[in-house]
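Enquirer: As input, take final-v7.cif (mmCIF, C-alpha atoms and all ligand atoms):
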data_model
loop_
_atom_site.label_atom_id
_atom_site.label_comp_id
_atom_site.auth_asym_id
_atom_site.auth_seq_id
_atom_site.Cartn_x
_atom_site.Cartn_y
_atom_site.Cartn_z
CA MET A 1 44.80 -79.13 -40.02
CA ALA A 2 46.08 -78.72 -43.56
CA LEU A 3 49.81 -78.23 -44.00
CA ILE A 4 51.38 -76.26 -46.84
CA VAL A 5 54.97 -75.60 -47.80
CA GLN A 6 55.45 -72.15 -49.37
CA LYS A 7 58.65 -71.42 -51.31
CA PHE A 8 59.60 -67.84 -52.17
CA GLY A 9 62.19 -67.20 -54.88
CA GLY A 10 64.88 -64.53 -55.06
CA THR A 11 62.79 -61.68 -56.48
CA SER A 12 60.04 -62.44 -53.96
CA VAL A 13 62.48 -61.78 -51.09
CA GLY A 14 64.58 -59.22 -53.02
CA SER A 15 64.11 -56.27 -50.65
CA ALA A 16 62.99 -55.51 -47.10
CA ASP A 17 59.56 -54.49 -48.41
CA ARG A 18 59.16 -57.70 -50.36
CA ILE A 19 60.17 -59.77 -47.34
CA LYS A 20 57.50 -57.95 -45.32
CA ASN A 21 55.00 -58.69 -48.10
CA VAL A 22 55.93 -62.39 -47.94
CA ALA A 23 55.38 -62.31 -44.18
CA ARG A 24 51.91 -60.78 -44.70
CA ARG A 25 51.04 -63.53 -47.15
CA VAL A 26 52.21 -66.26 -44.76
CA ALA A 27 50.29 -64.60 -41.90
CA LYS A 28 47.15 -64.67 -44.02
CA TRP A 29 47.43 -68.43 -44.59
CA ARG A 30 48.04 -68.96 -40.85
CA THR A 31 44.95 -66.92 -40.01
CA ALA A 32 43.00 -69.04 -42.48
CA GLY A 33 43.95 -72.04 -40.35
CA TYR A 34 46.84 -73.61 -42.23
CA GLN A 35 50.09 -74.91 -40.80
CA VAL A 36 52.85 -73.37 -42.91
CA VAL A 37 56.51 -74.16 -43.57
CA VAL A 38 58.29 -71.37 -45.44
CA VAL A 39 61.30 -71.93 -47.70
CA PRO A 40 62.99 -68.77 -49.00
CA SER A 41 65.78 -68.43 -51.56
CA ALA A 42 68.55 -65.88 -51.21
CA MET A 43 67.71 -62.27 -52.16
CA ALA A 44 67.77 -61.74 -55.94
CA GLY A 45 71.32 -61.52 -57.28
CA GLU A 46 72.89 -62.57 -54.01
CA THR A 47 73.97 -66.09 -54.98
CA ASN A 48 75.54 -64.70 -58.18
CA ARG A 49 77.34 -62.07 -56.11
CA LEU A 50 78.70 -64.66 -53.68
CA ILE A 51 79.93 -66.95 -56.45
CA ALA A 52 81.60 -64.04 -58.27
CA LEU A 53 83.27 -62.98 -55.04
CA ALA A 54 84.64 -66.49 -54.53
CA ARG A 55 85.98 -66.50 -58.10
CA GLU A 56 87.76 -63.20 -57.47
CA ILE A 57 89.69 -64.94 -54.72
CA GLN A 58 90.22 -68.15 -56.62
CA PRO A 59 89.16 -68.66 -60.28
CA SER A 60 88.21 -72.28 -59.70
CA PRO A 61 87.42 -72.47 -56.00
CA ASP A 62 87.37 -75.67 -53.99
CA PRO A 63 83.71 -76.80 -54.30
CA ARG A 64 83.45 -77.46 -50.55
CA GLU A 65 84.45 -73.89 -49.78
CA LEU A 66 82.28 -72.51 -52.59
CA ASP A 67 79.27 -74.14 -50.92
CA VAL A 68 80.21 -72.62 -47.55
CA VAL A 69 80.08 -69.20 -49.22
CA ALA A 70 77.07 -69.75 -51.52
CA ALA A 71 74.90 -71.13 -48.72
CA THR A 72 75.08 -67.86 -46.77
CA GLY A 73 72.54 -66.09 -49.01
CA GLU A 74 69.68 -68.18 -47.67
CA GLN A 75 70.85 -67.82 -44.06
CA VAL A 76 70.17 -64.09 -44.37
CA THR A 77 66.64 -64.46 -45.74
CA ILE A 78 65.50 -67.08 -43.20
CA GLY A 79 66.48 -64.78 -40.34
CA LEU A 80 64.90 -61.70 -41.90
CA LEU A 81 61.71 -63.54 -42.74
CA ALA A 82 61.40 -65.02 -39.25
CA MET A 83 61.79 -61.46 -37.85
CA ALA A 84 59.19 -60.10 -40.26
CA LEU A 85 56.73 -62.81 -39.22
CA GLN A 86 57.36 -62.16 -35.55
CA GLY A 87 56.75 -58.47 -36.25
CA LEU A 88 53.24 -59.43 -37.37
CA GLY A 89 52.68 -61.48 -34.25
CA VAL A 90 53.24 -64.83 -36.02
CA ALA A 91 55.45 -67.24 -34.08
CA ALA A 92 58.31 -68.24 -36.38
CA ARG A 93 61.75 -69.81 -36.16
CA SER A 94 64.50 -69.99 -38.77
CA TYR A 95 66.57 -73.08 -39.59
CA THR A 96 69.50 -73.63 -41.92
CA GLY A 97 69.54 -76.89 -43.90
CA PRO A 98 72.12 -78.45 -41.55
CA GLN A 99 70.08 -77.43 -38.47
CA VAL A 100 67.02 -79.29 -39.78
CA ARG A 101 69.28 -81.98 -41.03
CA VAL A 102 68.57 -81.96 -44.69
CA LEU A 103 70.97 -84.81 -45.37
CA THR A 104 72.54 -84.85 -48.83
CA ASP A 105 75.28 -86.73 -50.63
CA SER A 106 78.69 -85.03 -50.84
CA ALA A 107 78.47 -83.77 -54.43
CA PHE A 108 79.33 -80.15 -53.55
CA THR A 109 77.50 -77.51 -55.67
CA LYS A 110 75.05 -80.14 -57.00
CA ALA A 111 74.21 -82.31 -54.00
CA ARG A 112 71.14 -84.55 -53.88
CA ILE A 113 68.84 -84.74 -50.87
CA MET A 114 68.80 -88.19 -49.30
CA THR A 115 66.68 -87.74 -46.16
CA ILE A 116 65.12 -84.96 -44.12
CA ASP A 117 64.76 -85.17 -40.37
CA GLU A 118 61.30 -83.70 -39.92
CA GLU A 119 61.00 -84.14 -36.14
CA ARG A 120 61.95 -80.60 -35.14
CA LEU A 121 59.71 -79.09 -37.81
CA ARG A 122 56.77 -81.23 -36.67
CA ALA A 123 57.28 -80.14 -33.07
CA ASP A 124 57.21 -76.47 -34.17
CA LEU A 125 54.13 -76.96 -36.33
CA GLU A 126 52.28 -78.65 -33.49
CA THR A 127 52.93 -75.68 -31.21
CA GLY A 128 51.83 -73.15 -33.84
CA ILE A 129 55.31 -72.05 -34.91
CA VAL A 130 56.10 -71.38 -38.57
CA PRO A 131 59.45 -73.00 -39.42
CA VAL A 132 61.40 -70.91 -41.95
CA VAL A 133 63.83 -73.31 -43.61
CA ALA A 134 66.70 -72.24 -45.85
CA GLY A 135 66.36 -73.48 -49.40
CA PHE A 136 69.26 -74.66 -51.58
CA GLN A 137 71.33 -76.19 -48.78
CA GLY A 138 71.96 -79.29 -46.74
CA VAL A 139 74.67 -81.18 -44.96
CA ASP A 140 76.47 -84.42 -45.81
CA THR A 141 77.21 -87.31 -43.44
CA GLY A 142 80.60 -85.73 -42.70
CA GLY A 143 78.91 -82.52 -41.45
CA ASN A 144 79.96 -80.48 -44.49
CA ILE A 145 77.62 -77.79 -45.85
CA THR A 146 76.36 -78.65 -49.35
CA THR A 147 74.25 -76.83 -51.94
CA LEU A 148 71.79 -78.36 -54.37
CA GLY A 149 72.62 -76.66 -57.67
CA ARG A 150 71.28 -73.38 -59.04
CA GLY A 151 67.55 -73.00 -58.54
CA GLY A 152 67.75 -75.68 -55.84
CA SER A 153 65.34 -74.05 -53.40
CA ASP A 154 62.49 -75.47 -55.47
CA THR A 155 63.82 -78.94 -54.70
CA SER A 156 64.25 -78.08 -51.00
CA ALA A 157 60.59 -77.08 -50.83
CA VAL A 158 59.31 -80.15 -52.67
CA ALA A 159 61.49 -82.48 -50.58
CA LEU A 160 60.21 -80.87 -47.36
CA ALA A 161 56.63 -81.19 -48.61
CA ALA A 162 57.24 -84.89 -49.33
CA ALA A 163 58.90 -85.52 -45.95
CA LEU A 164 56.11 -83.74 -44.05
CA LYS A 165 53.36 -85.20 -46.29
CA ALA A 166 52.16 -81.65 -46.87
CA ASP A 167 48.82 -81.08 -48.57
CA GLU A 168 50.40 -78.76 -51.12
CA CYS A 169 53.74 -77.24 -52.10
CA GLN A 170 53.31 -73.69 -53.39
CA ILE A 171 56.16 -72.19 -55.40
CA PHE A 172 55.81 -68.40 -55.27
CA THR A 173 57.81 -66.60 -57.94
CA ASP A 174 57.85 -63.44 -60.05
CA VAL A 175 55.40 -64.71 -62.70
CA ASP A 176 51.86 -65.91 -61.97
CA GLY A 177 52.31 -69.47 -63.19
CA VAL A 178 53.79 -71.69 -65.84
CA TYR A 179 53.38 -70.30 -69.36
CA THR A 180 53.53 -71.96 -72.77
CA THR A 181 56.98 -70.38 -73.03
CA ASP A 182 58.99 -67.79 -71.07
CA PRO A 183 56.57 -64.82 -70.75
CA ARG A 184 59.47 -62.40 -70.33
CA ILE A 185 60.77 -63.29 -73.77
CA VAL A 186 57.49 -64.02 -75.57
CA PRO A 187 54.75 -61.60 -74.46
CA GLU A 188 52.07 -63.68 -76.23
CA ALA A 189 52.83 -66.69 -74.03
CA ARG A 190 49.72 -68.10 -72.32
CA ARG A 191 49.46 -69.14 -68.70
CA LEU A 192 48.64 -72.82 -68.26
CA ARG A 193 46.10 -73.51 -65.52
CA SER A 194 47.51 -76.99 -65.26
CA ILE A 195 50.35 -78.93 -66.79
CA THR A 196 51.39 -82.58 -66.45
CA PHE A 197 54.66 -83.52 -64.82
CA GLU A 198 55.83 -84.98 -68.12
CA GLU A 199 55.18 -81.68 -69.94
CA MET A 200 56.84 -79.75 -67.14
CA LEU A 201 59.88 -82.03 -67.22
CA GLU A 202 60.15 -81.52 -70.94
CA MET A 203 59.94 -77.76 -70.50
CA ALA A 204 62.60 -77.82 -67.78
CA SER A 205 64.92 -80.00 -69.87
CA LEU A 206 64.59 -77.49 -72.72
CA GLY A 207 66.04 -74.89 -70.36
CA SER A 208 63.01 -73.22 -68.77
CA LYS A 209 64.10 -72.32 -65.26
CA VAL A 210 60.68 -71.67 -63.76
CA LEU A 211 61.16 -74.87 -61.71
CA GLN A 212 64.42 -76.71 -61.11
CA ILE A 213 64.15 -80.01 -63.00
CA ARG A 214 64.99 -82.05 -59.90
CA SER A 215 62.06 -80.55 -58.04
CA VAL A 216 59.69 -81.67 -60.81
CA GLU A 217 61.15 -85.20 -60.80
CA PHE A 218 60.91 -85.31 -57.02
CA ALA A 219 57.30 -84.10 -56.94
CA GLY A 220 56.33 -86.64 -59.61
CA LYS A 221 58.00 -89.49 -57.76
CA TYR A 222 56.64 -88.66 -54.30
CA ARG A 223 53.27 -87.41 -55.58
CA VAL A 224 53.60 -83.94 -54.10
CA ARG A 225 50.81 -81.52 -55.08
CA LEU A 226 52.64 -78.64 -56.67
CA ARG A 227 51.48 -75.18 -57.73
CA VAL A 228 53.35 -72.18 -59.19
CA LEU A 229 52.02 -68.76 -58.10
CA SER A 230 52.99 -65.09 -58.08
CA SER A 231 54.28 -63.48 -54.90
CA LEU A 232 54.18 -60.00 -56.37
CA THR A 233 50.49 -59.44 -55.79
CA ALA A 234 48.62 -58.34 -52.68
CA PRO A 235 48.56 -61.29 -50.26
CA GLY A 236 45.47 -63.39 -50.84
CA ASP A 237 44.60 -61.90 -54.23
CA THR A 238 45.75 -64.59 -56.60
CA ASP A 239 46.45 -67.41 -54.22
CA ARG A 240 43.71 -69.43 -55.86
CA ARG A 241 45.21 -69.06 -59.32
CA GLY A 242 48.62 -70.00 -60.65
CA SER A 243 49.46 -73.26 -62.42
CA ARG A 244 48.86 -76.68 -60.97
CA LEU A 245 51.03 -79.66 -61.85
CA ARG A 246 48.93 -82.70 -62.71
CA HIS A 247 49.79 -86.30 -61.90
CA ALA A 248 49.12 -88.65 -64.81
CA ASP A 249 46.17 -90.43 -63.17
CA HIS A 250 44.39 -87.11 -62.57
CA LEU A 251 43.99 -86.62 -66.31
P1 LIG B 1 62.67 -67.69 -58.55
O1 LIG B 1 63.76 -66.76 -58.18
O2 LIG B 1 61.34 -67.32 -57.97
O3 LIG B 1 63.03 -69.12 -58.32
P2 LIG B 1 63.27 -68.00 -61.36
O4 LIG B 1 63.91 -66.83 -62.00
O5 LIG B 1 64.12 -69.16 -61.00
O6 LIG B 1 62.44 -67.48 -60.11
O7 LIG B 1 62.09 -68.55 -62.28
C1 LIG B 1 61.06 -67.68 -62.71
C2 LIG B 1 61.35 -67.19 -64.11
O8 LIG B 1 61.26 -68.30 -65.01
C3 LIG B 1 60.36 -66.20 -64.66
O9 LIG B 1 60.70 -64.87 -64.31
C4 LIG B 1 60.42 -66.44 -66.16
O10 LIG B 1 61.18 -65.45 -66.82
C5 LIG B 1 61.15 -67.76 -66.30
N1 LIG B 1 60.46 -68.73 -67.14
C6 LIG B 1 61.08 -69.47 -68.11
N2 LIG B 1 60.20 -70.25 -68.73
C7 LIG B 1 58.99 -70.02 -68.17
C8 LIG B 1 57.67 -70.55 -68.39
N3 LIG B 1 57.43 -71.47 -69.32
N4 LIG B 1 56.66 -70.10 -67.61
C9 LIG B 1 56.91 -69.16 -66.66
N5 LIG B 1 58.12 -68.64 -66.40
C10 LIG B 1 59.16 -69.05 -67.15
N1 LIG B 2 69.75 -68.98 -54.32
C1 LIG B 2 69.97 -70.16 -55.14
C2 LIG B 2 70.24 -69.76 -56.59
O1 LIG B 2 70.29 -68.59 -56.89
C3 LIG B 2 68.86 -71.14 -55.04
C4 LIG B 2 67.53 -70.71 -55.63
O2 LIG B 2 67.34 -69.54 -55.90
O3 LIG B 2 66.66 -71.58 -55.77
O4 LIG B 2 70.46 -70.61 -57.40
MG MG B 3 64.26 -70.43 -59.37
#
So that I can check it, write out the structure of this file as structure tokens.
Ligand code: ADP
Ligand code: ASP
Ligand code: MG

Expert:
Amino acid sequence: MALIVQKFGGTSVGSADRIKNVARRVAKWRTAGYQVVVVPSAMAGETNRLIALAREIQPSPDPRELDVVAATGEQVTIGLLAMALQGLGVAARSYTGPQVRVLTDSAFTKARIMTIDEERLRADLETGIVPVVAGFQGVDTGGNITTLGRGGSDTSAVALAAALKADECQIFTDVDGVYTTDPRIVPEARRLRSITFEEMLEMASLGSKVLQIRSVEFAGKYRVRLRVLSSLTAPGDTDRRGSRLRHADHL
């Protein structure tokens, strides 16, 4: 059975209605026979709000404590999404990064994933449960909560896809793919049906935030099939479109 990892960004889980829409989309892929792991970000604006709150208390907060606060945004969305899936009759279970054991180094606020313990996720998948795993967070060897840097849920999803040898990692966001340049700034921008990892890395290093640069490096290195898609359409409608990232030898 094919396995996909589906990541949903902040706008995609930005309200109760949107979370329900995400659940409908996931349910559709399950009905089509796929095993699915879901990786949500925090609700739009939430991570900014949490960081601003911390800075109100302490202008330059201790990074360890900042991560404790910042990581809570994703704990909310995993629980809500698991509930929404259950409401549709889809068996689902939420996990924080530390619960899975997404092991990272101790570089608080910009930690790097070292290993992922995929045993619990595999057991769920084999019994038909959809694991809903918090993006952006992990735990270090000392048991401290860490976060992966802004936009880090992309990297969580790609790393999970690599660890589980998923058939595809789908990054659902608020645009329907990767464009020649930011479509919100340049309306004439064109959607690219496919783009090489090298081109994508260049785009990310020039500041395009459509994918976190580490997620692109990770997918290139571990040969993860990666696609960028819109979550703001009716479930199923555009799931065949989006932008595919191309490995060099697929040219
Ligand atoms: P998410 O919350 O889903 O992770 P992000 O805001 O991090 O979404 O990334 C999506 C945004 O990236 C789009 O709304 C778009 O404005 C911006 N963006 C910048 N450059 C590009 C590009 N070349 N192609 C598509 N989107 C881009
Ligand atoms: N919620 C985190 C952020 O805002 C991670 C992410 O969205 O990928 O940076
Ligand atoms: Mg993002």

Enquirer: As an exercise, work out the distance from CA of Ala219 in chain A to CA of Ile171 in chain A in Å and give it to one decimal place.

Expert: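 About the pair CA of Ala219 in chain A and CA of Ile171 in chain A: they are 12.1 Å apart.
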
Enquirer: Quick one: pull the distance between CA of Gly45 in chain A and CA of Leu232 in chain A, Å, one decimal.

Expert: 17.2 Å

Enquirer: If we count only C-alpha atoms and set the cut-off at 7 Å, which residues sit around range 21-31 of chain A, ignoring sequence neighbours fewer than 3 positions away in its own chain? Please answer as a PyMOL selection string.

Expert: chain A and resi 17-18+34-36+81+84-85+90+235-236

Enquirer: If I put a ball of radius 7 Å at (65.2, -70.0, -46.5) in the file's coordinates, which residues poke into it when counting only C-alpha atoms, written as a JSON list (two decimals) with C-alpha atoms, keeping the file's coordinate frame?

Expert:
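So selection_19.json came out as:
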[["chain", "number", "residue", "atom", "x", "y", "z"],
["A", 39, "VAL", "CA", 61.30, -71.93, -47.70],
["A", 40, "PRO", "CA", 62.99, -68.77, -49.00],
["A", 41, "SER", "CA", 65.78, -68.43, -51.56],
["A", 74, "GLU", "CA", 69.68, -68.18, -47.67],
["A", 75, "GLN", "CA", 70.85, -67.82, -44.06],
["A", 77, "THR", "CA", 66.64, -64.46, -45.74],
["A", 78, "ILE", "CA", 65.50, -67.08, -43.20],
["A", 132, "VAL", "CA", 61.40, -70.91, -41.95],
["A", 133, "VAL", "CA", 63.83, -73.31, -43.61],
["A", 134, "ALA", "CA", 66.70, -72.24, -45.85],
["A", 135, "GLY", "CA", 66.36, -73.48, -49.40]]

Enquirer: To one decimal place in Å, what is the distance between CA of Val5 in chain A and atom O10 of ligand LIG 1 (chain B)?

Expert: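 Answer for the CA of Val5 in chain A to atom O10 of ligand LIG 1 (chain B) separation: 22.4 Å.
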
Enquirer: Sorted by chain and rising residue number, list the residues of chain A at most 12 Å from ligand LIG 2 (chain B) (counting all atoms listed in the file), each with its closest atom pair and distance in Å to one decimal, as CSV.

Expert:
residue,atom,partner,partner_atom,distance
A:Lys7,CA,B:LIG2,O3,9.2
A:Phe8,CA,B:LIG2,O2,8.8
A:Gly9,CA,B:LIG2,O2,5.7
A:Gly10,CA,B:LIG2,O2,5.6
A:Thr11,CA,B:LIG2,O2,9.1
A:Ser12,CA,B:LIG2,O2,10.4
A:Val13,CA,B:LIG2,O2,10.3
A:Gly14,CA,B:LIG2,O2,11.1
A:Val39,CA,B:LIG2,O3,9.7
A:Pro40,CA,B:LIG2,O2,8.2
A:Ser41,CA,B:LIG2,O2,4.7
A:Ala42,CA,B:LIG2,N1,4.6
A:Met43,CA,B:LIG2,N1,7.3
A:Ala44,CA,B:LIG2,O1,7.4
A:Gly45,CA,B:LIG2,O1,7.2
A:Glu46,CA,B:LIG2,N1,7.1
A:Thr47,CA,B:LIG2,O1,4.8
A:Asn48,CA,B:LIG2,O1,6.7
A:Arg49,CA,B:LIG2,O1,9.6
A:Leu50,CA,B:LIG2,O1,9.8
A:Ile51,CA,B:LIG2,O1,9.8
A:Asp67,CA,B:LIG2,C1,11.0
A:Val69,CA,B:LIG2,N1,11.5
A:Ala70,CA,B:LIG2,N1,7.9
A:Ala71,CA,B:LIG2,N1,7.9
A:Thr72,CA,B:LIG2,N1,9.3
A:Gly73,CA,B:LIG2,N1,6.7
A:Glu74,CA,B:LIG2,N1,6.7
A:Gln75,CA,B:LIG2,N1,10.4
A:Val76,CA,B:LIG2,N1,11.1
A:Thr77,CA,B:LIG2,N1,10.2
A:Thr109,CA,B:LIG2,O4,10.0
A:Lys110,CA,B:LIG2,O4,10.6
A:Ala134,CA,B:LIG2,C3,9.5
A:Gly135,CA,B:LIG2,C3,6.6
A:Phe136,CA,B:LIG2,C3,5.0
A:Gln137,CA,B:LIG2,C3,8.4
A:Thr147,CA,B:LIG2,C3,8.4
A:Leu148,CA,B:LIG2,C3,7.8
A:Gly149,CA,B:LIG2,O4,6.4
A:Arg150,CA,B:LIG2,O4,3.3
A:Gly151,CA,B:LIG2,O3,3.2
A:Gly152,CA,B:LIG2,O3,4.2
A:Ser153,CA,B:LIG2,O3,3.7
A:Asp154,CA,B:LIG2,O3,5.7
A:Thr155,CA,B:LIG2,O3,8.0
A:Ser156,CA,B:LIG2,O3,8.4
A:Ala157,CA,B:LIG2,O3,9.6
A:Val158,CA,B:LIG2,O3,11.7
A:Ile171,CA,B:LIG2,O3,10.5
A:Phe172,CA,B:LIG2,O3,11.3
A:Thr173,CA,B:LIG2,O2,10.2
A:Lys209,CA,B:LIG2,O3,9.9
A:Val210,CA,B:LIG2,O3,10.0
A:Leu211,CA,B:LIG2,O3,8.7
A:Gln212,CA,B:LIG2,O3,7.7
A:Ile213,CA,B:LIG2,O3,11.4
A:Arg214,CA,B:LIG2,O3,11.4
A:Ser215,CA,B:LIG2,O3,10.3

Enquirer: With a distance cut-off of 10 Å and all atoms listed in the file, select the neighbouring residues of Phe108 in chain A, excluding the residue or stretch itself and same-chain residues fewer than 5 positions from it, and output the selection as a CSV table (one decimal) with C-alpha atoms, in the coordinates of the input.

Expert:
chain,number,residue,atom,x,y,z
A,62,ASP,CA,87.4,-75.7,-54.0
A,63,PRO,CA,83.7,-76.8,-54.3
A,64,ARG,CA,83.4,-77.5,-50.6
A,65,GLU,CA,84.4,-73.9,-49.8
A,66,LEU,CA,82.3,-72.5,-52.6
A,67,ASP,CA,79.3,-74.1,-50.9
A,68,VAL,CA,80.2,-72.6,-47.6
A,139,VAL,CA,74.7,-81.2,-45.0
A,140,ASP,CA,76.5,-84.4,-45.8
A,144,ASN,CA,80.0,-80.5,-44.5
A,145,ILE,CA,77.6,-77.8,-45.8
A,146,THR,CA,76.4,-78.6,-49.4
A,147,THR,CA,74.2,-76.8,-51.9
A,148,LEU,CA,71.8,-78.4,-54.4
A,149,GLY,CA,72.6,-76.7,-57.7

Enquirer: Could you give me the axis-aligned bounding box of range 129-142 of chain A, with 5 Å of padding per side, as centre plus edge lengths in Å to one decimal, as AutoDock Vina command-line options?

Expert:
--center_x 68.0 --center_y -79.1 --center_z -43.2 --size_x 35.3 --size_y 26.4 --size_z 26.7

Enquirer: Nearest to Leu226 in chain A: which of A:Pro183, A:Gly177, A:Pro61, A:Gly87 is it, counting all atoms listed in the file?

Expert: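 Checking each candidate against Leu226 in chain A, we get A:Gly177 as the closest.
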
Enquirer: Restricting the calculation to only C-alpha atoms and all ligand atoms: of A:Ala159, A:Leu88, A:Ala204, A:Met83, which residue gets closest to ligand MG 3 (chain B)?

Expert: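 Residue with the minimum atom-to-atom distance to ligand MG 3 (chain B): A:Ala204.
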
Enquirer: Which residue out of A:Gly207, A:Gly242, A:Gly220, A:Gly33 has the minimum interatomic distance to ligand MG 3 (chain B) when all atoms listed in the file are used?

Expert: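 Closest candidate: A:Gly207.
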
Enquirer: Considering all atoms listed in the file, can you say which of A:Thr196, A:Ser94, A:Thr181, A:Gln170 comes closest to ligand LIG 1 (chain B)?

Expert: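 When distances to ligand LIG 1 (chain B) are compared using all atoms listed in the file, the smallest one comes from A:Thr181.
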
Enquirer: Hey, which of A:Thr141, A:Gln6, A:Glu126, A:Ala234 ends up closest to ligand LIG 1 (chain B)? Count all atoms listed in the file.

Expert: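 Checking each of A:Thr141, A:Gln6, A:Glu126, A:Ala234 against ligand LIG 1 (chain B), counting all atoms listed in the file, the winner is A:Gln6.
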
Enquirer: For ligand MG 3 (chain B), which of A:Ser231, A:Gln86, A:Ser208, A:Ser15 is the closest residue, counting only C-alpha atoms and all ligand atoms?

Expert: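 Comparing A:Ser231, A:Gln86, A:Ser208, A:Ser15 against ligand MG 3 (chain B), the winner is A:Ser208.
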
Enquirer: Please rebuild range 69-80 of chain A with N, CA, C and O atoms and give the result as an mmCIF file, in the coordinates of the input.

Expert:
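Output below, filename out-v1.cif:
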data_model
loop_
_atom_site.group_PDB
_atom_site.id
_atom_site.type_symbol
_atom_site.label_atom_id
_atom_site.label_comp_id
_atom_site.auth_asym_id
_atom_site.auth_seq_id
_atom_site.Cartn_x
_atom_site.Cartn_y
_atom_site.Cartn_z
ATOM 1 N N VAL A 69 80.365 -70.601 -48.886
ATOM 2 C CA VAL A 69 80.080 -69.200 -49.220
ATOM 3 C C VAL A 69 78.670 -69.055 -49.811
ATOM 4 O O VAL A 69 77.876 -68.222 -49.363
ATOM 5 N N ALA A 70 78.351 -69.894 -50.803
ATOM 6 C CA ALA A 70 77.070 -69.750 -51.520
ATOM 7 C C ALA A 70 75.871 -69.958 -50.611
ATOM 8 O O ALA A 70 74.818 -69.343 -50.808
ATOM 9 N N ALA A 71 76.033 -70.820 -49.598
ATOM 10 C CA ALA A 71 74.900 -71.130 -48.720
ATOM 11 C C ALA A 71 74.517 -69.964 -47.806
ATOM 12 O O ALA A 71 73.452 -69.976 -47.192
ATOM 13 N N THR A 72 75.379 -68.945 -47.713
ATOM 14 C CA THR A 72 75.080 -67.860 -46.770
ATOM 15 C C THR A 72 73.898 -66.992 -47.221
ATOM 16 O O THR A 72 73.240 -66.375 -46.391
ATOM 17 N N GLY A 73 73.633 -66.936 -48.521
ATOM 18 C CA GLY A 73 72.540 -66.090 -49.010
ATOM 19 C C GLY A 73 71.211 -66.448 -48.371
ATOM 20 O O GLY A 73 70.433 -65.576 -47.964
ATOM 21 N N GLU A 74 70.961 -67.726 -48.243
ATOM 22 C CA GLU A 74 69.680 -68.180 -47.670
ATOM 23 C C GLU A 74 69.672 -68.038 -46.152
ATOM 24 O O GLU A 74 68.610 -67.943 -45.547
ATOM 25 N N GLN A 75 70.837 -68.003 -45.525
ATOM 26 C CA GLN A 75 70.850 -67.820 -44.060
ATOM 27 C C GLN A 75 70.363 -66.418 -43.703
ATOM 28 O O GLN A 75 69.731 -66.203 -42.675
ATOM 29 N N VAL A 76 70.639 -65.464 -44.592
ATOM 30 C CA VAL A 76 70.170 -64.090 -44.370
ATOM 31 C C VAL A 76 68.643 -64.025 -44.479
ATOM 32 O O VAL A 76 67.960 -63.483 -43.599
ATOM 33 N N THR A 77 68.093 -64.619 -45.532
ATOM 34 C CA THR A 77 66.640 -64.460 -45.740
ATOM 35 C C THR A 77 65.813 -65.229 -44.707
ATOM 36 O O THR A 77 64.728 -64.774 -44.346
ATOM 37 N N ILE A 78 66.310 -66.369 -44.220
ATOM 38 C CA ILE A 78 65.500 -67.080 -43.200
ATOM 39 C C ILE A 78 65.395 -66.238 -41.930
ATOM 40 O O ILE A 78 64.332 -66.133 -41.324
ATOM 41 N N GLY A 79 66.506 -65.614 -41.544
ATOM 42 C CA GLY A 79 66.480 -64.780 -40.340
ATOM 43 C C GLY A 79 65.583 -63.571 -40.513
ATOM 44 O O GLY A 79 64.757 -63.259 -39.648
ATOM 45 N N LEU A 80 65.712 -62.911 -41.661
ATOM 46 C CA LEU A 80 64.900 -61.700 -41.900
ATOM 47 C C LEU A 80 63.417 -62.044 -41.962
ATOM 48 O O LEU A 80 62.573 -61.313 -41.423
#
